[in-house]
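**Student:** Hey, dropping structure.cif in here, mmCIF, C-alpha atoms:
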data_data
loop_
_atom_site.label_atom_id
_atom_site.label_comp_id
_atom_site.auth_asym_id
_atom_site.auth_seq_id
_atom_site.Cartn_x
_atom_site.Cartn_y
_atom_site.Cartn_z
CA MET A 1 34.85 -8.28 -40.56
CA ILE A 2 34.57 -4.55 -40.10
CA GLU A 3 38.28 -4.47 -39.37
CA ASP A 4 39.04 -6.27 -42.64
CA MET A 5 37.03 -3.66 -44.37
CA LYS A 6 38.88 -0.87 -42.60
CA SER A 7 42.26 -2.22 -43.57
CA ARG A 8 41.21 -1.84 -47.16
CA ARG A 9 40.28 1.74 -46.60
CA SER A 10 43.33 3.26 -48.29
CA LEU A 11 42.59 1.11 -51.29
CA LEU A 12 38.98 2.20 -51.21
CA ILE A 13 39.80 5.84 -51.05
CA GLY A 14 42.17 5.42 -53.93
CA SER A 15 39.84 3.59 -56.25
CA ALA A 16 36.30 3.06 -55.11
CA THR A 17 35.41 6.72 -54.77
CA THR A 18 35.96 7.00 -58.49
CA LEU A 19 33.77 3.96 -59.14
CA SER A 20 31.77 4.41 -62.28
CA VAL A 21 28.32 5.70 -61.59
CA ALA A 22 27.05 3.57 -64.43
CA GLY A 23 28.33 0.51 -62.60
CA LEU A 24 26.43 1.42 -59.48
CA GLY A 25 23.34 2.00 -61.60
CA VAL A 26 23.48 -1.57 -62.82
CA VAL A 27 23.57 -2.69 -59.21
CA LEU A 28 20.75 -0.50 -58.00
CA GLY A 29 18.47 -0.77 -61.00
CA SER A 30 18.08 1.77 -63.75
CA ALA A 31 15.41 3.73 -61.88
CA ALA A 32 18.01 4.65 -59.29
CA LEU A 33 19.90 6.64 -61.87
CA PRO A 34 17.92 9.46 -63.41
CA THR A 35 21.04 11.06 -64.81
CA ALA A 36 23.91 8.97 -66.01
CA ALA A 37 26.21 11.96 -65.98
CA ARG A 38 26.08 12.42 -62.22
CA ALA A 39 29.48 12.35 -60.61
CA ALA A 40 30.17 9.82 -57.90
CA THR A 41 30.56 11.79 -54.70
CA GLY A 42 31.04 11.20 -51.04
CA ASN A 43 33.14 8.84 -49.08
CA ALA A 44 32.81 5.27 -50.30
CA ALA A 45 34.28 3.76 -47.13
CA GLN A 46 31.69 5.58 -45.03
CA ASP A 47 28.86 4.52 -47.34
CA ILE A 48 30.04 0.91 -47.09
CA GLN A 49 29.69 1.06 -43.29
CA LEU A 50 26.18 2.43 -43.52
CA LEU A 51 25.11 -0.06 -46.20
CA ASN A 52 26.51 -2.85 -44.05
CA ALA A 53 24.39 -1.73 -41.09
CA ALA A 54 21.37 -1.80 -43.42
CA LEU A 55 22.43 -5.25 -44.58
CA GLY A 56 22.55 -6.41 -40.96
CA LEU A 57 19.01 -5.15 -40.57
CA GLU A 58 17.86 -7.09 -43.65
CA HIS A 59 19.58 -10.26 -42.42
CA GLU A 60 17.69 -9.89 -39.16
CA GLY A 61 14.38 -9.24 -40.95
CA ILE A 62 14.82 -12.36 -43.08
CA ALA A 63 15.53 -14.36 -39.92
CA ALA A 64 12.48 -12.91 -38.16
CA TYR A 65 10.18 -14.03 -40.97
CA GLN A 66 11.95 -17.40 -40.98
CA LEU A 67 11.33 -17.81 -37.25
CA GLY A 68 7.71 -16.80 -37.79
CA ALA A 69 7.31 -19.24 -40.65
CA GLU A 70 8.81 -22.09 -38.65
CA SER A 71 6.82 -21.28 -35.51
CA LYS A 72 3.73 -23.18 -36.69
CA LEU A 73 1.77 -20.22 -35.32
CA LEU A 74 0.82 -18.77 -38.71
CA LYS A 75 -2.32 -19.73 -40.60
CA PRO A 76 -1.61 -20.84 -44.17
CA GLU A 77 -2.75 -17.56 -45.79
CA VAL A 78 -0.68 -15.52 -43.35
CA LEU A 79 2.31 -17.78 -43.87
CA LYS A 80 2.08 -17.04 -47.59
CA VAL A 81 2.26 -13.30 -46.92
CA ALA A 82 5.21 -13.80 -44.54
CA VAL A 83 7.12 -15.75 -47.17
CA THR A 84 6.44 -13.07 -49.78
CA PHE A 85 7.58 -10.29 -47.45
CA GLN A 86 10.67 -12.34 -46.63
CA SER A 87 11.43 -12.61 -50.35
CA HIS A 88 11.33 -8.79 -50.58
CA HIS A 89 13.90 -8.61 -47.79
CA LYS A 90 16.04 -11.16 -49.61
CA GLN A 91 15.94 -8.88 -52.65
CA HIS A 92 17.00 -5.91 -50.49
CA ARG A 93 19.79 -8.04 -49.04
CA ASP A 94 21.02 -9.03 -52.48
CA ASP A 95 20.89 -5.42 -53.73
CA LEU A 96 22.84 -4.24 -50.68
CA ILE A 97 25.44 -6.98 -51.11
CA ALA A 98 25.87 -6.02 -54.75
CA ALA A 99 26.18 -2.32 -53.89
CA ILE A 100 28.73 -3.01 -51.13
CA ASN A 101 30.77 -5.22 -53.44
CA LYS A 102 30.65 -2.59 -56.15
CA LEU A 103 32.04 0.00 -53.74
CA GLY A 104 34.86 -2.40 -52.84
CA GLY A 105 33.53 -3.30 -49.40
CA LYS A 106 32.97 -6.61 -47.68
CA PRO A 107 29.32 -7.43 -46.99
CA VAL A 108 28.54 -8.60 -43.45
CA VAL A 109 27.33 -12.17 -43.23
CA ALA A 110 24.20 -13.22 -41.38
CA LYS A 111 24.41 -14.51 -37.81
CA SER A 112 23.01 -17.93 -36.96
CA GLU A 113 19.27 -18.42 -36.69
CA ALA A 114 19.78 -19.28 -33.01
CA ASP A 115 21.46 -15.90 -32.46
CA TYR A 116 18.56 -14.10 -34.09
CA ALA A 117 16.05 -16.14 -32.10
CA LYS A 118 17.80 -14.99 -28.94
CA GLU A 119 18.17 -11.32 -29.82
CA LEU A 120 14.55 -11.11 -31.03
CA ASN A 121 13.32 -12.99 -27.98
CA ALA A 122 11.56 -15.51 -30.23
CA SER A 123 10.69 -17.77 -27.31
CA SER A 124 8.12 -15.15 -26.26
CA LEU A 125 6.12 -15.64 -29.48
CA LYS A 126 3.00 -17.60 -28.52
CA SER A 127 0.44 -16.65 -31.15
CA GLN A 128 0.05 -15.48 -34.72
CA ALA A 129 -0.62 -11.97 -33.42
CA ASP A 130 2.68 -12.03 -31.47
CA VAL A 131 4.53 -12.90 -34.67
CA LEU A 132 2.75 -10.18 -36.63
CA HIS A 133 3.39 -7.60 -33.90
CA LEU A 134 7.10 -8.38 -33.99
CA ALA A 135 7.11 -8.13 -37.79
CA LEU A 136 5.21 -4.83 -37.63
CA LYS A 137 7.64 -3.39 -35.10
CA LEU A 138 10.62 -4.38 -37.23
CA GLU A 139 9.07 -3.09 -40.47
CA LYS A 140 8.13 0.27 -38.94
CA GLY A 141 11.58 0.55 -37.44
CA ALA A 142 13.22 -0.38 -40.73
CA THR A 143 11.22 2.26 -42.60
CA ASN A 144 12.43 4.91 -40.15
CA ALA A 145 15.96 3.52 -40.14
CA TYR A 146 16.36 3.78 -43.91
CA LEU A 147 14.87 7.28 -44.01
CA GLY A 148 17.08 8.46 -41.16
CA VAL A 149 20.24 7.16 -42.81
CA ILE A 150 19.66 8.97 -46.12
CA PRO A 151 21.17 12.31 -45.00
CA SER A 152 24.34 10.52 -43.90
CA LEU A 153 24.94 8.81 -47.23
CA GLY A 154 27.58 10.31 -49.48
CA ASN A 155 26.59 9.00 -52.88
CA PRO A 156 23.34 10.54 -54.19
CA ASP A 157 22.52 7.34 -56.07
CA LEU A 158 22.10 5.66 -52.71
CA TYR A 159 19.46 8.18 -51.57
CA LEU A 160 16.90 6.86 -53.99
CA PHE A 161 17.90 3.29 -53.31
CA ALA A 162 17.33 3.78 -49.56
CA ALA A 163 14.04 5.57 -50.17
CA ARG A 164 12.79 2.74 -52.36
CA VAL A 165 13.65 0.14 -49.73
CA ALA A 166 12.01 2.32 -47.04
CA SER A 167 8.86 2.39 -49.17
CA ASP A 168 8.81 -1.40 -49.37
CA GLU A 169 9.14 -1.61 -45.58
CA SER A 170 6.31 0.89 -45.08
CA PHE A 171 4.12 -1.14 -47.43
CA HIS A 172 4.81 -4.18 -45.25
CA ALA A 173 4.04 -2.17 -42.10
CA ALA A 174 0.75 -0.91 -43.53
CA PHE A 175 -0.33 -4.41 -44.48
CA LEU A 176 0.64 -5.89 -41.11
CA GLY A 177 -1.03 -3.06 -39.21
CA SER A 178 -4.21 -3.63 -41.15
CA ALA A 179 -4.05 -7.41 -40.56
CA LEU A 180 -3.71 -6.70 -36.84
CA GLY A 181 -6.65 -4.28 -36.91
CA GLU A 182 -4.50 -1.32 -35.89
CA PRO A 183 -6.02 2.11 -36.44
CA ILE A 184 -4.77 4.20 -39.33
CA PRO A 185 -2.33 6.82 -37.99
CA GLU A 186 -4.11 10.15 -37.75
CA LYS A 187 -1.13 12.36 -38.38
CA ALA A 188 1.11 12.60 -41.40
CA PRO A 189 3.97 12.31 -42.11
CA MET A 190 3.94 8.88 -40.48
CA PHE A 191 7.64 8.08 -40.83
CA GLY A 192 11.00 9.73 -40.76
CA MET B 1 -5.70 40.38 -59.03
CA LYS B 2 -8.38 41.99 -56.96
CA THR B 3 -9.19 38.77 -55.09
CA ILE B 4 -5.56 38.12 -54.41
CA GLY B 5 -5.17 41.66 -53.06
CA ASN B 6 -8.22 41.30 -50.89
CA SER B 7 -7.31 37.96 -49.44
CA LEU B 8 -3.85 39.25 -48.71
CA TRP B 9 -5.24 42.17 -46.74
CA LEU B 10 -7.49 39.79 -44.91
CA ALA B 11 -4.72 37.32 -44.21
CA LEU B 12 -2.18 39.80 -42.92
CA PRO B 13 -3.93 40.88 -39.70
CA VAL B 14 -4.80 37.26 -38.97
CA ALA B 15 -1.16 36.27 -39.33
CA ALA B 16 -0.09 39.20 -37.20
CA ALA B 17 -2.58 38.25 -34.49
CA ALA B 18 -1.42 34.65 -34.58
CA LEU B 19 2.15 35.79 -34.26
CA ALA B 20 1.35 38.05 -31.34
CA PHE B 21 -0.57 35.26 -29.65
CA GLY B 22 2.24 32.82 -30.26
CA VAL B 23 4.79 35.14 -28.75
CA ALA B 24 2.57 35.90 -25.77
CA ALA B 25 1.80 32.23 -25.13
CA ALA B 26 5.37 30.99 -25.46
CA PRO B 27 7.53 30.84 -22.34
CA LEU B 28 10.18 33.52 -22.20
CA PRO B 29 13.32 32.40 -23.99
CA PRO B 30 16.47 32.34 -21.88
CA ALA B 31 18.64 35.41 -22.16
CA PRO B 32 20.85 35.06 -25.22
CA SER B 33 24.36 34.01 -24.30
CA ALA B 34 27.19 32.74 -26.42
CA HIS B 35 28.44 30.33 -23.82
CA PRO B 36 26.26 27.72 -22.19
CA PRO B 37 24.53 26.02 -25.16
CA ALA B 38 20.75 26.49 -25.38
CA SER B 39 19.10 24.00 -23.05
CA PRO B 40 17.15 21.27 -24.84
CA PRO B 41 13.35 21.21 -24.67
CA PRO B 42 11.85 19.61 -21.52
CA ALA B 43 12.22 15.88 -21.94
CA ASN B 44 9.77 13.10 -21.28
CA ALA B 45 11.06 9.56 -20.86
CA SER B 46 7.78 7.81 -21.62
CA ARG B 47 7.46 9.66 -24.92
CA GLY B 48 11.10 8.72 -25.37
CA ALA B 49 10.20 5.04 -25.06
CA GLU B 50 7.92 5.39 -28.08
CA VAL B 51 10.56 7.27 -30.04
CA TYR B 52 13.04 4.55 -29.11
CA GLU B 53 10.83 1.75 -30.42
CA ALA B 54 9.90 3.58 -33.62
CA LYS B 55 13.24 5.15 -34.51
CA CYS B 56 15.94 3.05 -32.88
CA GLY B 57 14.13 -0.30 -32.63
CA ALA B 58 15.18 -1.60 -36.03
CA CYS B 59 18.79 -1.70 -34.87
CA HIS B 60 18.87 -1.50 -31.07
CA SER B 61 17.39 -3.16 -28.00
CA LEU B 62 18.04 -2.40 -24.37
CA ASP B 63 19.32 -5.87 -23.54
CA ALA B 64 20.48 -7.50 -26.78
CA ASN B 65 23.19 -6.65 -29.27
CA ARG B 66 21.60 -6.51 -32.70
CA ILE B 67 22.69 -4.32 -35.60
CA GLY B 68 23.81 -1.86 -32.96
CA PRO B 69 24.93 -2.44 -29.35
CA LYS B 70 22.57 -2.97 -26.42
CA HIS B 71 21.67 0.24 -24.69
CA ARG B 72 20.89 -0.44 -21.04
CA GLY B 73 23.47 1.50 -19.07
CA VAL B 74 24.68 3.52 -22.06
CA PHE B 75 24.05 6.85 -20.33
CA GLY B 76 27.29 7.96 -18.73
CA ARG B 77 29.23 5.06 -20.23
CA LYS B 78 32.27 5.31 -22.49
CA ALA B 79 31.53 4.86 -26.20
CA GLY B 80 32.31 1.44 -27.61
CA SER B 81 32.35 -0.37 -24.29
CA VAL B 82 29.80 -3.20 -24.62
CA PRO B 83 32.31 -6.08 -24.45
CA ASP B 84 30.62 -8.50 -26.85
CA PHE B 85 29.63 -6.01 -29.55
CA HIS B 86 31.79 -5.58 -32.62
CA TYR B 87 32.20 -1.79 -32.89
CA THR B 88 34.01 0.11 -35.59
CA PRO B 89 37.50 1.06 -34.40
CA GLU B 90 36.52 4.71 -34.98
CA LEU B 91 33.80 4.65 -32.34
CA LYS B 92 35.80 2.48 -29.97
CA LYS B 93 38.74 4.84 -29.88
CA SER B 94 36.67 8.03 -29.97
CA GLY B 95 37.03 8.65 -26.23
CA ILE B 96 33.44 9.89 -26.09
CA VAL B 97 31.45 9.54 -22.87
CA TRP B 98 27.69 9.37 -23.45
CA THR B 99 26.50 12.45 -21.60
CA ALA B 100 23.19 14.05 -22.60
CA GLN B 101 25.07 16.62 -24.62
CA ASN B 102 27.16 14.05 -26.48
CA LEU B 103 24.12 11.89 -27.17
CA ASP B 104 22.36 14.94 -28.59
CA LYS B 105 25.30 15.68 -30.85
CA TRP B 106 25.57 12.02 -31.91
CA LEU B 107 21.90 11.75 -32.81
CA GLN B 108 22.10 14.91 -34.89
CA GLY B 109 24.89 13.52 -37.01
CA PRO B 110 26.76 10.39 -35.97
CA VAL B 111 28.90 10.37 -39.11
CA LYS B 112 29.89 13.98 -38.55
CA MET B 113 30.76 13.35 -34.90
CA VAL B 114 32.63 10.09 -35.52
CA PRO B 115 33.61 9.73 -39.18
CA GLY B 116 33.78 6.06 -40.11
CA THR B 117 31.08 4.93 -37.67
CA ALA B 118 28.56 2.34 -38.81
CA MET B 119 25.59 4.29 -37.45
CA GLY B 120 24.22 6.77 -39.96
CA PHE B 121 20.78 7.29 -38.50
CA GLN B 122 19.99 10.93 -37.74
CA LEU B 123 17.22 12.02 -35.41
CA ARG B 124 16.51 15.53 -36.57
CA ASP B 125 13.70 16.52 -34.22
CA ALA B 126 15.13 18.19 -31.09
CA GLN B 127 12.15 17.20 -28.95
CA GLU B 128 12.46 13.55 -30.00
CA ARG B 129 16.16 13.66 -29.21
CA ALA B 130 15.53 15.11 -25.76
CA ASP B 131 12.84 12.50 -25.08
CA VAL B 132 14.88 9.52 -26.25
CA ILE B 133 17.90 10.71 -24.27
CA ALA B 134 15.71 10.98 -21.16
CA TYR B 135 14.56 7.43 -21.82
CA LEU B 136 18.12 6.11 -22.19
CA LYS B 137 19.07 7.91 -18.99
CA GLN B 138 16.11 6.40 -17.13
CA GLN B 139 16.88 2.92 -18.46
CA SER B 140 20.47 3.34 -17.34
CA GLY B 141 19.33 3.96 -13.79
CA LYS B 142 20.69 7.52 -13.88
#
Could you render the structure as structure tokens?
**Tutor:**
Amino acid sequence: MIEDMKSRRSLLIGSATTLSVAGLGVVLGSAALPTAARAATGNAAQDIQLLNAALGLEHEGIAAYQLGAESKLLKPEVLKVAVTFQSHHKQHRDDLIAAINKLGGKPVVAKSEADYAKELNASSLKSQADVLHLALKLEKGATNAYLGVIPSLGNPDLYLFAARVASDESFHAAFLGSALGEPIPEKAPMFG
Amino acid sequence: MKTIGNSLWLALPVAAAALAFGVAAAPLPPAPSAHPPASPPPANASRGAEVYEAKCGACHSLDANRIGPKHRGVFGRKAGSVPDFHYTPELKKSGIVWTAQNLDKWLQGPVKMVPGTAMGFQLRDAQERADVIAYLKQQSGK
């Protein structure tokens, strides 16, 4: 898949780097574009790679909540929260797919649920707390991952997009930490 | 104006004292030299384990390929050599060997070191880099 993408690189460099900023704004939501006049900058092919890694992360997050939901370990009210958080990740996934398509890239597809179960060691989940701890670990990691990728992105419109997604993940982490009775971190900044 | 002036006069000696204390308390820096690069801060693998979970854990595990390749054994290995992970061709053909120095450079700017790579995550804190590298080294049995 990545190779397919690479073979289109010359095409990308020729056309996608001059992609209309307005077009990207439609993809990312109007709030991502404070100034319509901003020039598209950076290397679109590179941004596609980084967005695809983020998309892989969202696919995995969706699968993790799916595994949790199907585990029968979650109480009904917790299950409801898990499904809502999963829907946020589906929105992130869809936004990333749209952004990658807009840049002329090929979005990575999700692996099978069995693959995710294996790589996340789902067989070790024995209680609701185990599921929530896994979700917390992934959400904290995702917050940091998005923040740490921002300085590598070429197109400034993607900075705000990544920061907004990171904020969603940190909201999830805060909620899960509180549900698990974890202490509030003493030191700020907490992420990044 | 007067208050500002006063507080400034008060603040200055305090700052100077703090500076003097800081300099006195800090270990002597190595003699400046253009050649061997400045040695990284003393590393701690158990702190590195925490950094690894918090900063790398969304994409990597020691023993499973996820968004990024599995990491056990990465220290001293050639880049792009986990057989069942789908790397970018750029990383695969980079010829990099993951020494401490190369890992440090990678974590400061993977896209700069290997343009076209799929890893964009930057770890900007030198201490965190040293710690996580020590952890990867330990987990690679090196």
**Student:** Quick one: contact table of chain B to chain A, 7 Å max, nearest atom pair and distance in Å to one decimal per residue, counting all atoms listed in the file, chain and number order, as a tab-separated table?
**Tutor:**
residue	atom	partner	partner_atom	distance
B:Ala54	CA	A:Gly141	CA	5.2
B:Lys55	CA	A:Gly141	CA	5.7
B:Cys56	CA	A:Gly141	CA	6.8
B:Gly57	CA	A:Gly141	CA	5.5
B:Ala58	CA	A:Gly141	CA	4.4
B:Cys59	CA	A:Leu57	CA	6.7
B:Ala64	CA	A:Glu119	CA	5.4
B:Asn65	CA	A:Glu119	CA	6.9
B:Arg66	CA	A:Glu119	CA	6.6
B:Ile67	CA	A:Gly56	CA	5.8
B:Thr88	CA	A:Ile2	CA	6.5
B:Val111	CA	A:Ser152	CA	6.6
B:Gly116	CA	A:Gln46	CA	5.4
B:Thr117	CA	A:Gln49	CA	7.0
B:Ala118	CA	A:Gln49	CA	4.8
B:Met119	CA	A:Leu50	CA	6.4
B:Gly120	CA	A:Val149	CA	4.9
B:Phe121	CA	A:Val149	CA	4.3
B:Gln122	CA	A:Gly148	CA	5.1
B:Leu123	CA	A:Gly148	CA	6.8
**Student:** Restricting the calculation to all atoms listed in the file, which member of B:Pro41, B:Pro89, B:Gly73, B:Gly141 is positioned closest to Asp104 of chain B?
**Tutor:**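 Of B:Pro41, B:Pro89, B:Gly73, B:Gly141, the one nearest Asp104 of chain B, counting all atoms listed in the file, is B:Pro41.
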**Student:** Between atom CA of Ala64 of chain A and atom CA of Leu180 of chain A, measure the distance and give it in Å to one decimal.
**Tutor:**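 Between these atoms lies a distance of 17.4 Å.
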**Student:** So the first atom is atom CA of Phe175 of chain A and the second is atom CA of Asp130 of chain A; what is the distance between them in Å, to one decimal place?
**Tutor:**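 It comes out at 15.4 Å.
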**Student:** If you apply the PyMOL selection byres ((chain A and resi 82) around 10) to this file, what residues do you get, as a tab-separated table (two decimals) with C-alpha atoms, in the coordinates of the input?
**Tutor:**
chain	number	residue	atom	x	y	z
A	62	ILE	CA	14.82	-12.36	-43.08
A	64	ALA	CA	12.48	-12.91	-38.16
A	65	TYR	CA	10.18	-14.03	-40.97
A	66	GLN	CA	11.95	-17.40	-40.98
A	68	GLY	CA	7.71	-16.80	-37.79
A	69	ALA	CA	7.31	-19.24	-40.65
A	74	LEU	CA	0.82	-18.77	-38.71
A	76	PRO	CA	-1.61	-20.84	-44.17
A	77	GLU	CA	-2.75	-17.56	-45.79
A	78	VAL	CA	-0.68	-15.52	-43.35
A	79	LEU	CA	2.31	-17.78	-43.87
A	80	LYS	CA	2.08	-17.04	-47.59
A	81	VAL	CA	2.26	-13.30	-46.92
A	83	VAL	CA	7.12	-15.75	-47.17
A	84	THR	CA	6.44	-13.07	-49.78
A	85	PHE	CA	7.58	-10.29	-47.45
A	86	GLN	CA	10.67	-12.34	-46.63
A	87	SER	CA	11.43	-12.61	-50.35
A	88	HIS	CA	11.33	-8.79	-50.58
A	131	VAL	CA	4.53	-12.90	-34.67
A	132	LEU	CA	2.75	-10.18	-36.63
A	135	ALA	CA	7.11	-8.13	-37.79
A	172	HIS	CA	4.81	-4.18	-45.25
A	176	LEU	CA	0.64	-5.89	-41.11
**Student:** So that I can see what lies close to segment 128-133 of chain B, please list as an NGL selection string the residues with an atom at most 7 Å from it, counting all atoms listed in the file and leaving out residues fewer than 4 positions away in the same chain.
**Tutor:** :B and (40-41 or 43-45 or 47-49 or 51-52 or 100 or 103-104 or 123 or 137)
**Student:** Using only C-alpha atoms, determine which residues lie at most 9 Å from segment 184-190 of chain A, disregarding the query and same-chain residues fewer than 6 positions distant; provide the list as a list in words.
**Tutor:**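 Answer for this query is Ala174, Gly177 and Ser178 of chain A.
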**Student:** Between atom CA of Pro107 of chain A and atom CA of Lys90 of chain A, what is the distance, to one decimal in Å?
**Tutor:**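 Going from atom CA of Pro107 of chain A over to atom CA of Lys90 of chain A covers 14.0 Å.
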**Student:** When distances are computed from all atoms listed in the file, which of B:Gln139, B:Glu50, B:Lys70, B:Ala126 shows the smallest separation from Gln101 of chain B?
**Tutor:**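 With all atoms listed in the file as the atom set, the closest residue is B:Ala126.
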